[in-house]
Amino acid sequence: DAKTTQPTSMDCAEGRAANLPCNHSTISGNEYVYWYRQIHSQGPQYIIHGLKNNETNEMASLIITEDRKSSTLILPHATLRDTAVYYCIATNAGGTSYGKLTFGQGTILTVHP
Amino acid sequence: DAGVIQSPRHEVTEMGQEVTLRCKPISGHDYLFWYRQTMMRGLELLIYFNNNVPIDDSGMPEDRFSAKMPNASFSTLKIQPSEPRDSAVYFCASSFFRSGANVLTFGAGSRLTVL
């Protein structure tokens, strides 16, 4: 898995967009970028993933730079319930790597009223 | 769907006792994972199964730990004998393989305290 680097913590005002950056400068061509989050005392929750193109689902948007060395997770309208630790993971899907999600320290996002 | 179900949610035991954690994956999922989370080491993959067969157990810390999956709807993680350093939250997760997608669904976790 490529190493990922995330800020330790970030703050966001409720109702505003939360933009969480992730650096993965050593990512290889067949590695996807995944985002999971973990709300206090709960199991991690899948948010979104992508390879090259930007992706959007009901939870968030994922913007991947053209050189794929970094990405940004966007929560368009953050709520208090989005306060959590957000993990960015770069991993090769399939084969012996499948399921081997290596969780780093993540970014602690705090959404303020 | 009820999601991934783990039991017990909390377990307090004394050093040397046997501990058994249980997991019921989501129906139809063919992969099952056991993770452990501590403040010091974060989330670590212990072992995972595909179609009830253990695929990779390189994360299992030592012989005191064992995991089984007798059928598609049940798995256990056993620690015998338990030690205080085993205190952690143990998560079970399941998924089905989709090309390019490691979409795991995690359970609520089992918090283990070994005194």
# chains A, B, ... in the order shown; residues from 1 in each chain; ligands from 1
>>> residues_around(residues="Asp57 (chain B)", least_positions_apart="2", cutoff="10 Å", atoms="only C-alpha atoms", output="PyMOL selection string")
chain B and resi 34+45-49+54-55+59-61+66-67
>>> select_by_dssp(residues="chain A", states="strand (DSSP E or B)", output="ChimeraX atom specification")
/A:2,5,9-13,18-23,31-38,45-50,55-56,61-64,70-75,84-92,107-112
>>> residues_around(residues="Pro21 (chain A)", least_positions_apart="6", cutoff="7 Å", atoms="only C-alpha atoms", output="number ranges by chain")
A: 6, 71-73
>>> interface_residues(of="chain B", to="chain A", cutoff="12 Å", atoms="only C-alpha atoms", output="PyMOL selection string")
chain B and resi 3-6+9-10+30-50+55-59+88-111
>>> select_by_dssp(residues="region 9-95 of chain A", states="helix (DSSP H, G or I)", output="JSON, numbers by chain")
{"A": [80, 81, 82, 95]}
>>> residues_around(residues="Ser7 (chain B)", least_positions_apart="5", cutoff="7 Å", atoms="only C-alpha atoms", output="VMD selection string")
chain B and resid 21 to 23 110
>>> residues_around(residues="Ser70 (chain A)", least_positions_apart="2", cutoff="6 Å", atoms="only C-alpha atoms", output="JSON, numbers by chain")
{"A": [22, 23, 24, 65, 68]}
>>> closest_residue(among="A:Leu20, A:Asp67, A:Gly29, A:His112", to="Thr8 (chain A)", atoms="only C-alpha atoms")
A:Leu20
>>> decode(residues="region 1-17 of chain B", atoms="N, CA, C and O atoms", output="compact mmCIF listing (two decimals), in the first residue's frame")
# COMPACT_ATOMS: atom_id res chain seq x y z
N ASP B 1 -31.24 -5.21 6.39
CA ASP B 1 -30.17 -6.07 6.88
C ASP B 1 -29.67 -5.51 8.22
O ASP B 1 -29.53 -4.31 8.37
N ALA B 2 -29.38 -6.41 9.16
CA ALA B 2 -28.95 -5.98 10.48
C ALA B 2 -27.49 -5.58 10.50
O ALA B 2 -27.00 -5.13 11.53
N GLY B 3 -26.78 -5.77 9.43
CA GLY B 3 -25.37 -5.44 9.42
C GLY B 3 -24.54 -6.55 10.03
O GLY B 3 -25.02 -7.66 10.27
N VAL B 4 -23.28 -6.24 10.31
CA VAL B 4 -22.38 -7.19 10.95
C VAL B 4 -22.65 -7.17 12.45
O VAL B 4 -22.64 -6.10 13.06
N ILE B 5 -22.91 -8.35 13.00
CA ILE B 5 -23.28 -8.43 14.40
C ILE B 5 -22.16 -9.06 15.21
O ILE B 5 -21.70 -10.18 14.88
N GLN B 6 -21.72 -8.37 16.23
CA GLN B 6 -20.65 -8.87 17.09
C GLN B 6 -21.16 -9.05 18.52
O GLN B 6 -22.00 -8.29 19.00
N SER B 7 -20.61 -10.06 19.16
CA SER B 7 -20.91 -10.27 20.58
C SER B 7 -19.71 -10.88 21.29
O SER B 7 -18.91 -11.57 20.63
N PRO B 8 -19.54 -10.60 22.57
CA PRO B 8 -20.27 -9.61 23.34
C PRO B 8 -19.81 -8.20 22.98
O PRO B 8 -18.78 -8.03 22.36
N ARG B 9 -20.55 -7.19 23.37
CA ARG B 9 -20.14 -5.81 23.11
C ARG B 9 -19.04 -5.40 24.09
O ARG B 9 -18.16 -4.62 23.75
N HIS B 10 -19.13 -5.93 25.29
CA HIS B 10 -18.13 -5.63 26.31
C HIS B 10 -17.79 -6.93 27.04
O HIS B 10 -18.69 -7.73 27.33
N GLU B 11 -16.52 -7.08 27.30
CA GLU B 11 -16.07 -8.26 28.04
C GLU B 11 -14.96 -7.83 28.99
O GLU B 11 -13.98 -7.21 28.56
N VAL B 12 -15.13 -8.16 30.25
CA VAL B 12 -14.09 -7.92 31.24
C VAL B 12 -13.71 -9.27 31.82
O VAL B 12 -14.57 -10.02 32.28
N THR B 13 -12.44 -9.58 31.78
CA THR B 13 -11.99 -10.87 32.24
C THR B 13 -10.66 -10.73 32.96
O THR B 13 -10.04 -9.67 32.94
N GLU B 14 -10.25 -11.79 33.59
CA GLU B 14 -8.98 -11.77 34.30
C GLU B 14 -7.90 -12.47 33.48
O GLU B 14 -8.19 -13.38 32.70
N MET B 15 -6.70 -12.01 33.68
CA MET B 15 -5.56 -12.58 32.98
C MET B 15 -5.57 -14.11 33.12
O MET B 15 -5.82 -14.64 34.21
N GLY B 16 -5.30 -14.77 32.01
CA GLY B 16 -5.25 -16.22 32.02
C GLY B 16 -6.53 -16.89 31.58
O GLY B 16 -6.52 -18.08 31.24
N GLN B 17 -7.64 -16.14 31.56
CA GLN B 17 -8.91 -16.71 31.15
C GLN B 17 -9.00 -16.78 29.63
O GLN B 17 -8.37 -16.02 28.91
